[in-house]
Amino acid sequence: MKKILGVFLICLLSGSMTLAGYKYFFENQNNTELSKVEDLPSALSTTKSSIIPNSSIDFVEAAENTVNTVVHVKNLSYVSSRSNPIMELFYGYKPSPKPQIGTGSGVIITEDGYIVTNNHVIANASELEVTLSNNETYKARLIGTDKEMDIALLKIEPKEKLSYIVFGDSDDIQLGEWVIAVGNPYNLTSTVTAGIVSAKARNLSKTSIQSFIQTDAAINPGNSGGALVNTKGELIGINTMISSNTGAYVGYAFAVPSNVTRKIVEDLLEYGNVQNATLGVSGYELTPQIVKELNISNTSFGFYIQDIISNSGAAQAGLKNGDIITKINNKEIKTFVDLRSIINTKRPKDIVAIEYLRGNDTHSTSITLGKNEPRKIEFRGLELQELDAVEKEELNINYGFKITKILDKDFAKYEDDLIGSILLSINDLKVSNINQIKNIDSQINQNQKIKLTLMNKNGEYLRLLI
């Protein structure tokens, strides 16, 4: 096999996609910073927020109640130092892993010590420590995470019942509504800043499944995992990131909506993992250019269905390629993020109401959501699997399939090299979806040699002729 140099990107539209925004920093006591600003018990109530007239804005009570529910999270991890081959060869010396301490924030959501934070705050932790607003310190254990949504759930065992925050309804917030952000920036104790909701359902990348609340409340390194609350003191988001070239606040900050956070935590507590749902369609949002190209005259917005997954909820409900989804649960779908922001709060077997266009006719139906799992396909003795959103982000690619199994004994001697490698192209045609692979396979004679371009587990690019 011949190595190939190059850079490839993945854009595989499935039920899940990842975040590609600017990543923030933990504050690090070794002067090393990690990037990014750095489901709940049913007893927790969800309340609706409302715009408060300027004359009656008062942050005092909300701030006082919130600071006691926001904690400082310390992550102790060990980082391997670069080895010196000369020292290792002649003296047998191998450097010891160095401790690294990162910090962030978290929010107490139950009186018995469940805490929500960001996944990037606790990533790769060997030990987790939580300090409360009264300076009491506890060891924390990780209950579970959702890497794609950047949410993690921790548990401490407090000596007494804790103050905790009440969940608000993030779907009910309005543009221009006042909010406050509470966290531990720059390793300080709880700090409160105020701003407004600048945007809803904001995404930072075409390949992101996340839908953020954007605010101009100041959020800085160390705020990750802190609370974004309305003037009633209700949690409407978990502060996650800022948009900045320096890592410091410059006016744009983002939070994971509370409805998404709540659903994740409830899943982790009830099922032990996150239950991701899918409609069973792939496609793209309508733009003026696409509307013109497809000669669509009866709508200027919606989600255009390019492909229906076999046996999915969408297929069983009778949706077809070329249909345009305009509403889900009576909410207009103007962007892909609008669609994902609804599906992200649902579970498999939940039912959603769909309104869609087929030609000039408007139709309504109900779809039972399926479980969002990577799809697989067999191709010339190899089992290929769609990449999930986390894999796409980690590999920094936006097309391709992972080789998960060797089905042909002729490949057995290459198994160690092939399993886990990413198939990027077939005969120099980049592969981005299952239908594309099927079409390529149908057009190639079974006895014809095929050139595969792969990226192996070491990040090296290889070419294989089969």
# chains A, B, ... in the order shown; residues from 1 in each chain; ligands from 1

call {"tool": "residues_around", "arguments": {"residues": "A:Ala199", "least_positions_apart": "5", "cutoff": "8 Å", "atoms": "only C-alpha atoms", "output": "list in words"}}
result
Leu175, Ile213, Gln214 and Thr215 of chain A

call {"tool": "write_last_selection", "arguments": {"atoms": "N, CA and C atoms", "output": "PDB file, in the first residue's frame"}}
result
ATOM      1  N   LEU A 175     -36.285  36.679  21.566  1.00  0.00           N
ATOM      2  CA  LEU A 175     -35.170  37.546  21.194  1.00  0.00           C
ATOM      3  C   LEU A 175     -35.274  38.853  21.972  1.00  0.00           C
ATOM      4  N   ILE A 213     -28.401  28.793  21.992  1.00  0.00           N
ATOM      5  CA  ILE A 213     -28.892  30.118  22.340  1.00  0.00           C
ATOM      6  C   ILE A 213     -27.689  31.053  22.271  1.00  0.00           C
ATOM      7  N   GLN A 214     -27.806  32.133  21.537  1.00  0.00           N
ATOM      8  CA  GLN A 214     -26.726  33.113  21.474  1.00  0.00           C
ATOM      9  C   GLN A 214     -27.070  34.286  22.384  1.00  0.00           C
ATOM     10  N   THR A 215     -26.085  34.739  23.148  1.00  0.00           N
ATOM     11  CA  THR A 215     -26.292  35.851  24.071  1.00  0.00           C
ATOM     12  C   THR A 215     -25.084  36.774  24.039  1.00  0.00           C
TER      13      THR A 215
END

call {"tool": "residues_around", "arguments": {"residues": "stretch 310-317 of chain A", "least_positions_apart": "5", "cutoff": "7 Å", "atoms": "only C-alpha atoms", "output": "compact mmCIF listing (two decimals) with N, CA and C atoms, in the first residue's frame"}}
result
# COMPACT_ATOMS: atom_id res chain seq x y z
N LEU A 279 -35.78 11.19 12.21
CA LEU A 279 -36.93 11.12 11.32
C LEU A 279 -36.75 10.02 10.28
N GLY A 280 -35.49 9.80 9.89
CA GLY A 280 -35.20 8.83 8.84
C GLY A 280 -35.12 9.45 7.46
N VAL A 281 -34.73 10.74 7.41
CA VAL A 281 -34.57 11.41 6.13
C VAL A 281 -33.22 12.10 6.08
N THR A 365 -49.09 14.58 8.28
CA THR A 365 -49.00 13.19 8.74
C THR A 365 -48.30 13.16 10.08
N SER A 366 -48.27 12.00 10.68
CA SER A 366 -47.54 11.79 11.94
C SER A 366 -46.43 10.78 11.69
N ILE A 367 -45.28 11.02 12.32
CA ILE A 367 -44.14 10.12 12.15
C ILE A 367 -43.68 9.63 13.52
N THR A 368 -43.52 8.34 13.65
CA THR A 368 -42.92 7.75 14.84
C THR A 368 -41.41 7.73 14.66
N LEU A 369 -40.72 8.43 15.53
CA LEU A 369 -39.28 8.57 15.39
C LEU A 369 -38.56 7.25 15.65
N GLY A 370 -37.49 7.03 14.92
CA GLY A 370 -36.67 5.85 15.11
C GLY A 370 -35.43 6.16 15.94

call {"tool": "select_by_dssp", "arguments": {"residues": "stretch 103-179 of chain A", "states": "alpha helix (DSSP H)", "output": "VMD selection string"}}
result
chain A and resid 119 to 122

call {"tool": "write_last_selection", "arguments": {"atoms": "N, CA and C atoms", "output": "compact mmCIF listing (two decimals), in the first residue's frame"}}
result
# COMPACT_ATOMS: atom_id res chain seq x y z
N ASN A 119 -19.19 18.52 28.56
CA ASN A 119 -18.33 17.36 28.37
C ASN A 119 -16.87 17.77 28.28
N HIS A 120 -16.58 18.89 27.60
CA HIS A 120 -15.17 19.26 27.45
C HIS A 120 -14.54 19.69 28.77
N VAL A 121 -15.35 20.03 29.78
CA VAL A 121 -14.81 20.38 31.09
C VAL A 121 -14.24 19.16 31.79
N ILE A 122 -14.87 18.00 31.58
CA ILE A 122 -14.46 16.80 32.33
C ILE A 122 -13.75 15.77 31.44

call {"tool": "closest_atom_pairs", "arguments": {"of": "stretch 271-343 of chain A", "to": "stretch 138-152 of chain A", "cutoff": "9 Å", "atoms": "only C-alpha atoms", "output": "Markdown table"}}
result
| residue | atom | partner | partner_atom | distance |
| --- | --- | --- | --- | --- |
| A:Gly272 | CA | A:Gly144 | CA | 7.1 |
| A:Asn273 | CA | A:Gly144 | CA | 6.9 |
| A:Val274 | CA | A:Asp146 | CA | 6.7 |

call {"tool": "select_by_dssp", "arguments": {"residues": "stretch 205-433 of chain A", "states": "strand (DSSP E or B)", "output": "PDB file with C-alpha atoms, in the first residue's frame"}}
result
ATOM      1  CA  PHE A 212     -27.476  27.159  20.504  1.00  0.00           C
ATOM      2  CA  ILE A 213     -28.892  30.118  22.340  1.00  0.00           C
ATOM      3  CA  GLN A 214     -26.726  33.113  21.474  1.00  0.00           C
ATOM      4  CA  THR A 215     -26.292  35.851  24.071  1.00  0.00           C
ATOM      5  CA  ALA A 227     -25.732  28.662  34.059  1.00  0.00           C
ATOM      6  CA  LEU A 228     -27.596  30.929  31.671  1.00  0.00           C
ATOM      7  CA  VAL A 229     -30.788  31.977  33.459  1.00  0.00           C
ATOM      8  CA  ASN A 230     -33.727  34.282  32.861  1.00  0.00           C
ATOM      9  CA  LEU A 235     -32.133  27.713  33.890  1.00  0.00           C
ATOM     10  CA  ILE A 236     -32.511  28.239  30.140  1.00  0.00           C
ATOM     11  CA  GLY A 237     -29.048  27.123  29.007  1.00  0.00           C
ATOM     12  CA  ILE A 238     -25.640  25.689  29.873  1.00  0.00           C
ATOM     13  CA  ASN A 239     -22.893  28.114  28.868  1.00  0.00           C
ATOM     14  CA  THR A 240     -20.621  26.384  26.406  1.00  0.00           C
ATOM     15  CA  MET A 241     -18.555  28.608  24.179  1.00  0.00           C
ATOM     16  CA  ILE A 242     -17.670  32.023  22.860  1.00  0.00           C
ATOM     17  CA  ALA A 253     -21.474  33.628  23.571  1.00  0.00           C
ATOM     18  CA  PHE A 254     -23.444  30.416  23.203  1.00  0.00           C
ATOM     19  CA  ALA A 255     -25.356  28.057  25.479  1.00  0.00           C
ATOM     20  CA  VAL A 256     -26.907  24.605  25.050  1.00  0.00           C
ATOM     21  CA  PRO A 257     -30.687  25.070  25.517  1.00  0.00           C
ATOM     22  CA  ALA A 277     -34.080   9.995  17.683  1.00  0.00           C
ATOM     23  CA  THR A 278     -34.268  10.379  13.906  1.00  0.00           C
ATOM     24  CA  VAL A 281     -34.574  11.412   6.128  1.00  0.00           C
ATOM     25  CA  SER A 282     -31.576  13.171   4.680  1.00  0.00           C
ATOM     26  CA  GLY A 283     -31.516  16.315   2.624  1.00  0.00           C
ATOM     27  CA  TYR A 284     -30.945  20.038   2.988  1.00  0.00           C
ATOM     28  CA  GLU A 285     -32.658  23.285   3.857  1.00  0.00           C
ATOM     29  CA  PHE A 303     -36.296  20.981   4.499  1.00  0.00           C
ATOM     30  CA  TYR A 304     -35.957  19.279   1.120  1.00  0.00           C
ATOM     31  CA  ILE A 305     -35.914  15.469   1.380  1.00  0.00           C
ATOM     32  CA  GLN A 306     -33.219  13.993  -0.816  1.00  0.00           C
ATOM     33  CA  ASP A 307     -33.316  10.461   0.565  1.00  0.00           C
ATOM     34  CA  ILE A 308     -35.588   8.316   2.752  1.00  0.00           C
ATOM     35  CA  ILE A 324     -40.451  19.488   1.520  1.00  0.00           C
ATOM     36  CA  ILE A 325     -40.991  19.495   5.301  1.00  0.00           C
ATOM     37  CA  THR A 326     -42.355  22.918   6.303  1.00  0.00           C
ATOM     38  CA  LYS A 327     -43.562  22.305   9.872  1.00  0.00           C
ATOM     39  CA  ILE A 328     -42.896  19.911  12.756  1.00  0.00           C
ATOM     40  CA  LYS A 331     -43.331  24.976  14.225  1.00  0.00           C
ATOM     41  CA  GLU A 332     -41.991  26.309  10.937  1.00  0.00           C
ATOM     42  CA  ILE A 351     -44.501  10.840  17.614  1.00  0.00           C
ATOM     43  CA  VAL A 352     -44.209  14.179  15.807  1.00  0.00           C
ATOM     44  CA  ALA A 353     -46.716  15.943  13.539  1.00  0.00           C
ATOM     45  CA  ILE A 354     -45.316  16.792  10.107  1.00  0.00           C
ATOM     46  CA  GLU A 355     -46.592  19.220   7.495  1.00  0.00           C
ATOM     47  CA  TYR A 356     -44.990  18.882   4.068  1.00  0.00           C
ATOM     48  CA  LEU A 357     -45.342  19.888   0.445  1.00  0.00           C
ATOM     49  CA  ARG A 358     -45.518  17.452  -2.436  1.00  0.00           C
ATOM     50  CA  ASP A 361     -50.217  20.168  -2.474  1.00  0.00           C
ATOM     51  CA  THR A 362     -49.854  20.477   1.299  1.00  0.00           C
ATOM     52  CA  HIS A 363     -50.058  17.263   3.335  1.00  0.00           C
ATOM     53  CA  SER A 364     -50.049  16.412   7.037  1.00  0.00           C
ATOM     54  CA  THR A 365     -49.002  13.188   8.737  1.00  0.00           C
ATOM     55  CA  SER A 366     -47.538  11.792  11.936  1.00  0.00           C
ATOM     56  CA  ILE A 367     -44.135  10.122  12.153  1.00  0.00           C
ATOM     57  CA  THR A 368     -42.923   7.747  14.845  1.00  0.00           C
ATOM     58  CA  GLY A 370     -36.667   5.846  15.113  1.00  0.00           C
ATOM     59  CA  LYS A 371     -33.410   5.316  16.967  1.00  0.00           C
ATOM     60  CA  LYS A 376     -23.894   0.116   7.529  1.00  0.00           C
ATOM     61  CA  ILE A 377     -23.305  -1.250   4.051  1.00  0.00           C
ATOM     62  CA  GLU A 378     -21.303  -4.141   2.627  1.00  0.00           C
ATOM     63  CA  PHE A 379     -18.961  -3.251  -0.212  1.00  0.00           C
ATOM     64  CA  LEU A 382     -15.772  -4.821   3.595  1.00  0.00           C
ATOM     65  CA  GLU A 383     -18.400  -3.726   6.091  1.00  0.00           C
ATOM     66  CA  LEU A 384     -18.618   0.065   6.078  1.00  0.00           C
ATOM     67  CA  GLN A 385     -20.303   2.227   8.700  1.00  0.00           C
ATOM     68  CA  GLU A 386     -21.334   5.880   8.687  1.00  0.00           C
ATOM     69  CA  PHE A 401     -17.018   5.554   5.937  1.00  0.00           C
ATOM     70  CA  LYS A 402     -15.330   3.556   8.694  1.00  0.00           C
ATOM     71  CA  ILE A 403     -14.304  -0.039   7.949  1.00  0.00           C
ATOM     72  CA  THR A 404     -15.759  -2.080  10.809  1.00  0.00           C
ATOM     73  CA  LYS A 405     -15.462  -5.691   9.640  1.00  0.00           C
ATOM     74  CA  ILE A 406     -13.606  -7.847   7.101  1.00  0.00           C
ATOM     75  CA  ILE A 422     -11.684   5.434   6.946  1.00  0.00           C
ATOM     76  CA  LEU A 423     -12.653   4.819   3.325  1.00  0.00           C
ATOM     77  CA  LEU A 424     -12.487   8.239   1.674  1.00  0.00           C
ATOM     78  CA  SER A 425     -12.946   7.534  -2.024  1.00  0.00           C
ATOM     79  CA  ILE A 426     -13.631   4.805  -4.578  1.00  0.00           C
ATOM     80  CA  LEU A 429     -14.845   9.531  -6.217  1.00  0.00           C
ATOM     81  CA  LYS A 430     -15.386  10.811  -2.679  1.00  0.00           C
TER      82      LYS A 430
END

call {"tool": "atom_distance", "arguments": {"atom1": "atom CA of A:Lys457", "atom2": "atom CA of A:Ile437"}}
result
22.0 Å

call {"tool": "residues_around", "arguments": {"residues": "A:Glu160", "least_positions_apart": "4", "cutoff": "12 Å", "atoms": "only C-alpha atoms", "output": "PDB file with N, CA and C atoms, in the first residue's frame"}}
result
ATOM      1  N   THR A 110     -30.232  18.993  41.372  1.00  0.00           N
ATOM      2  CA  THR A 110     -31.062  18.287  42.366  1.00  0.00           C
ATOM      3  C   THR A 110     -30.465  18.514  43.747  1.00  0.00           C
ATOM      4  N   GLU A 111     -31.289  18.412  44.751  1.00  0.00           N
ATOM      5  CA  GLU A 111     -30.819  18.648  46.118  1.00  0.00           C
ATOM      6  C   GLU A 111     -29.859  17.571  46.602  1.00  0.00           C
ATOM      7  N   ASP A 112     -29.867  16.395  45.955  1.00  0.00           N
ATOM      8  CA  ASP A 112     -28.975  15.321  46.393  1.00  0.00           C
ATOM      9  C   ASP A 112     -27.673  15.266  45.599  1.00  0.00           C
ATOM     10  N   GLY A 113     -27.381  16.287  44.791  1.00  0.00           N
ATOM     11  CA  GLY A 113     -26.027  16.416  44.265  1.00  0.00           C
ATOM     12  C   GLY A 113     -25.769  16.067  42.824  1.00  0.00           C
ATOM     13  N   GLU A 136     -17.137  24.241  50.343  1.00  0.00           N
ATOM     14  CA  GLU A 136     -17.040  22.810  50.612  1.00  0.00           C
ATOM     15  C   GLU A 136     -16.614  22.088  49.334  1.00  0.00           C
ATOM     16  N   ILE A 156     -22.215  14.181  43.217  1.00  0.00           N
ATOM     17  CA  ILE A 156     -21.465  14.263  44.464  1.00  0.00           C
ATOM     18  C   ILE A 156     -22.359  13.754  45.591  1.00  0.00           C
TER      19      ILE A 156
END

call {"tool": "atom_distance", "arguments": {"atom1": "atom CA of A:Ile108", "atom2": "atom CA of A:Val67"}}
result
10.3 Å

call {"tool": "closest_residue", "arguments": {"among": "A:Thr69, A:Asn259, A:Thr191, A:Ser300", "to": "A:Asp172", "atoms": "only C-alpha atoms"}}
result
A:Asn259

call {"tool": "atom_distance", "arguments": {"atom1": "atom CA of A:Glu234", "atom2": "atom CA of A:Asp58"}}
result
14.0 Å

call {"tool": "residues_around", "arguments": {"residues": "A:Ala125", "least_positions_apart": "2", "cutoff": "6 Å", "atoms": "only C-alpha atoms", "output": "list in words"}}
result
Asn75, Leu76, Ser77, Ile122, Ala123 and Glu127 of chain A

call {"tool": "decode", "arguments": {"residues": "stretch 90-211 of chain A", "atoms": "C-alpha atoms", "output": "PDB file, in the first residue's frame"}}
result
ATOM      1  CA  PHE A  90      20.694   4.073  25.905  1.00  0.00           C
ATOM      2  CA  TYR A  91      19.345   4.648  29.406  1.00  0.00           C
ATOM      3  CA  GLY A  92      15.876   3.103  29.327  1.00  0.00           C
ATOM      4  CA  TYR A  93      14.443   6.428  30.436  1.00  0.00           C
ATOM      5  CA  LYS A  94      10.754   7.053  29.762  1.00  0.00           C
ATOM      6  CA  PRO A  95       9.159  10.327  30.859  1.00  0.00           C
ATOM      7  CA  SER A  96       6.343  10.070  33.403  1.00  0.00           C
ATOM      8  CA  PRO A  97       2.940  11.492  32.540  1.00  0.00           C
ATOM      9  CA  LYS A  98       2.564  15.037  33.841  1.00  0.00           C
ATOM     10  CA  PRO A  99      -0.480  16.100  35.836  1.00  0.00           C
ATOM     11  CA  GLN A 100      -2.660  18.735  34.231  1.00  0.00           C
ATOM     12  CA  ILE A 101      -5.427  20.590  36.005  1.00  0.00           C
ATOM     13  CA  GLY A 102      -8.292  22.182  34.127  1.00  0.00           C
ATOM     14  CA  THR A 103     -11.234  24.067  35.575  1.00  0.00           C
ATOM     15  CA  GLY A 104     -14.749  24.962  34.583  1.00  0.00           C
ATOM     16  CA  SER A 105     -18.188  25.430  36.053  1.00  0.00           C
ATOM     17  CA  GLY A 106     -21.216  23.259  36.772  1.00  0.00           C
ATOM     18  CA  VAL A 107     -24.842  23.675  37.844  1.00  0.00           C
ATOM     19  CA  ILE A 108     -26.562  21.801  40.690  1.00  0.00           C
ATOM     20  CA  ILE A 109     -29.890  20.442  39.420  1.00  0.00           C
ATOM     21  CA  THR A 110     -31.062  18.287  42.366  1.00  0.00           C
ATOM     22  CA  GLU A 111     -30.819  18.648  46.118  1.00  0.00           C
ATOM     23  CA  ASP A 112     -28.975  15.321  46.393  1.00  0.00           C
ATOM     24  CA  GLY A 113     -26.027  16.416  44.265  1.00  0.00           C
ATOM     25  CA  TYR A 114     -26.533  15.860  40.544  1.00  0.00           C
ATOM     26  CA  ILE A 115     -24.575  18.447  38.577  1.00  0.00           C
ATOM     27  CA  VAL A 116     -24.628  19.387  34.885  1.00  0.00           C
ATOM     28  CA  THR A 117     -21.523  20.671  33.127  1.00  0.00           C
ATOM     29  CA  ASN A 118     -19.912  20.528  29.688  1.00  0.00           C
ATOM     30  CA  ASN A 119     -18.331  17.361  28.370  1.00  0.00           C
ATOM     31  CA  HIS A 120     -15.168  19.258  27.447  1.00  0.00           C
ATOM     32  CA  VAL A 121     -14.812  20.385  31.090  1.00  0.00           C
ATOM     33  CA  ILE A 122     -14.464  16.797  32.331  1.00  0.00           C
ATOM     34  CA  ALA A 123     -12.903  15.156  29.253  1.00  0.00           C
ATOM     35  CA  ASN A 124     -10.030  12.709  29.955  1.00  0.00           C
ATOM     36  CA  ALA A 125     -10.332  13.256  33.717  1.00  0.00           C
ATOM     37  CA  SER A 126      -8.553  10.951  36.143  1.00  0.00           C
ATOM     38  CA  GLU A 127     -10.153  12.744  39.086  1.00  0.00           C
ATOM     39  CA  LEU A 128     -12.989  15.244  39.372  1.00  0.00           C
ATOM     40  CA  GLU A 129     -13.430  17.678  42.237  1.00  0.00           C
ATOM     41  CA  VAL A 130     -16.369  20.017  42.845  1.00  0.00           C
ATOM     42  CA  THR A 131     -16.268  23.098  45.081  1.00  0.00           C
ATOM     43  CA  LEU A 132     -19.586  24.559  46.217  1.00  0.00           C
ATOM     44  CA  SER A 133     -20.332  28.240  46.749  1.00  0.00           C
ATOM     45  CA  ASN A 134     -19.666  27.765  50.505  1.00  0.00           C
ATOM     46  CA  ASN A 135     -16.178  26.383  49.674  1.00  0.00           C
ATOM     47  CA  GLU A 136     -17.040  22.810  50.612  1.00  0.00           C
ATOM     48  CA  THR A 137     -15.181  20.395  48.316  1.00  0.00           C
ATOM     49  CA  TYR A 138     -16.341  16.956  47.138  1.00  0.00           C
ATOM     50  CA  LYS A 139     -15.043  14.230  44.879  1.00  0.00           C
ATOM     51  CA  ALA A 140     -17.362  13.808  41.911  1.00  0.00           C
ATOM     52  CA  ARG A 141     -18.124  10.773  39.789  1.00  0.00           C
ATOM     53  CA  LEU A 142     -19.104  10.876  36.160  1.00  0.00           C
ATOM     54  CA  ILE A 143     -22.603   9.523  35.455  1.00  0.00           C
ATOM     55  CA  GLY A 144     -22.522   9.948  31.689  1.00  0.00           C
ATOM     56  CA  THR A 145     -21.936  12.302  28.790  1.00  0.00           C
ATOM     57  CA  ASP A 146     -23.239  13.389  25.418  1.00  0.00           C
ATOM     58  CA  LYS A 147     -20.135  14.374  23.458  1.00  0.00           C
ATOM     59  CA  GLU A 148     -22.098  15.634  20.486  1.00  0.00           C
ATOM     60  CA  MET A 149     -24.098  18.057  22.625  1.00  0.00           C
ATOM     61  CA  ASP A 150     -21.156  18.756  24.969  1.00  0.00           C
ATOM     62  CA  ILE A 151     -23.129  17.903  28.113  1.00  0.00           C
ATOM     63  CA  ALA A 152     -21.966  15.803  31.076  1.00  0.00           C
ATOM     64  CA  LEU A 153     -23.701  14.698  34.283  1.00  0.00           C
ATOM     65  CA  LEU A 154     -21.789  14.426  37.574  1.00  0.00           C
ATOM     66  CA  LYS A 155     -22.793  13.258  41.073  1.00  0.00           C
ATOM     67  CA  ILE A 156     -21.465  14.263  44.464  1.00  0.00           C
ATOM     68  CA  GLU A 157     -22.527  12.994  47.902  1.00  0.00           C
ATOM     69  CA  PRO A 158     -23.236  16.150  49.915  1.00  0.00           C
ATOM     70  CA  LYS A 159     -23.483  16.289  53.695  1.00  0.00           C
ATOM     71  CA  GLU A 160     -26.870  17.986  53.512  1.00  0.00           C
ATOM     72  CA  LYS A 161     -29.494  18.976  50.973  1.00  0.00           C
ATOM     73  CA  LEU A 162     -28.239  21.453  48.382  1.00  0.00           C
ATOM     74  CA  SER A 163     -29.755  24.491  46.743  1.00  0.00           C
ATOM     75  CA  TYR A 164     -30.524  23.637  43.134  1.00  0.00           C
ATOM     76  CA  ILE A 165     -31.708  25.442  40.037  1.00  0.00           C
ATOM     77  CA  VAL A 166     -35.136  25.064  38.433  1.00  0.00           C
ATOM     78  CA  PHE A 167     -35.330  24.351  34.693  1.00  0.00           C
ATOM     79  CA  GLY A 168     -37.029  26.921  32.505  1.00  0.00           C
ATOM     80  CA  ASP A 169     -38.456  26.270  29.043  1.00  0.00           C
ATOM     81  CA  SER A 170     -35.788  27.270  26.517  1.00  0.00           C
ATOM     82  CA  ASP A 171     -38.315  27.023  23.674  1.00  0.00           C
ATOM     83  CA  ASP A 172     -40.235  29.889  25.243  1.00  0.00           C
ATOM     84  CA  ILE A 173     -37.439  32.474  25.384  1.00  0.00           C
ATOM     85  CA  GLN A 174     -37.710  35.518  23.143  1.00  0.00           C
ATOM     86  CA  LEU A 175     -35.170  37.546  21.194  1.00  0.00           C
ATOM     87  CA  GLY A 176     -34.147  40.530  23.292  1.00  0.00           C
ATOM     88  CA  GLU A 177     -35.104  38.851  26.571  1.00  0.00           C
ATOM     89  CA  TRP A 178     -32.765  39.660  29.440  1.00  0.00           C
ATOM     90  CA  VAL A 179     -30.585  36.837  30.764  1.00  0.00           C
ATOM     91  CA  ILE A 180     -27.714  36.437  33.192  1.00  0.00           C
ATOM     92  CA  ALA A 181     -24.687  34.141  32.953  1.00  0.00           C
ATOM     93  CA  VAL A 182     -23.165  32.695  36.110  1.00  0.00           C
ATOM     94  CA  GLY A 183     -19.881  30.816  36.211  1.00  0.00           C
ATOM     95  CA  ASN A 184     -16.297  30.752  37.442  1.00  0.00           C
ATOM     96  CA  PRO A 185     -14.264  32.647  34.817  1.00  0.00           C
ATOM     97  CA  TYR A 186     -10.496  32.743  35.179  1.00  0.00           C
ATOM     98  CA  ASN A 187     -10.689  30.538  38.294  1.00  0.00           C
ATOM     99  CA  LEU A 188     -12.644  33.172  40.218  1.00  0.00           C
ATOM    100  CA  THR A 189     -15.611  32.360  42.439  1.00  0.00           C
ATOM    101  CA  SER A 190     -19.101  32.703  40.985  1.00  0.00           C
ATOM    102  CA  THR A 191     -19.346  35.732  38.710  1.00  0.00           C
ATOM    103  CA  VAL A 192     -22.566  37.190  37.306  1.00  0.00           C
ATOM    104  CA  THR A 193     -22.880  39.002  33.970  1.00  0.00           C
ATOM    105  CA  ALA A 194     -26.003  40.206  32.157  1.00  0.00           C
ATOM    106  CA  GLY A 195     -27.090  40.484  28.534  1.00  0.00           C
ATOM    107  CA  ILE A 196     -29.908  39.646  26.160  1.00  0.00           C
ATOM    108  CA  VAL A 197     -30.864  36.710  23.968  1.00  0.00           C
ATOM    109  CA  SER A 198     -29.267  37.645  20.640  1.00  0.00           C
ATOM    110  CA  ALA A 199     -30.426  34.617  18.619  1.00  0.00           C
ATOM    111  CA  LYS A 200     -32.210  31.288  18.974  1.00  0.00           C
ATOM    112  CA  ALA A 201     -31.480  28.037  17.155  1.00  0.00           C
ATOM    113  CA  ARG A 202     -28.026  29.259  16.196  1.00  0.00           C
ATOM    114  CA  ASN A 203     -25.628  26.769  14.636  1.00  0.00           C
ATOM    115  CA  LEU A 204     -21.953  27.399  14.016  1.00  0.00           C
ATOM    116  CA  SER A 205     -21.303  24.926  11.239  1.00  0.00           C
ATOM    117  CA  LYS A 206     -23.048  23.133   8.410  1.00  0.00           C
ATOM    118  CA  THR A 207     -22.127  19.815  10.024  1.00  0.00           C
ATOM    119  CA  SER A 208     -23.421  20.689  13.501  1.00  0.00           C
ATOM    120  CA  ILE A 209     -26.441  19.056  15.093  1.00  0.00           C
ATOM    121  CA  GLN A 210     -26.343  21.567  17.907  1.00  0.00           C
ATOM    122  CA  SER A 211     -28.758  24.440  18.211  1.00  0.00           C
TER     123      SER A 211
END
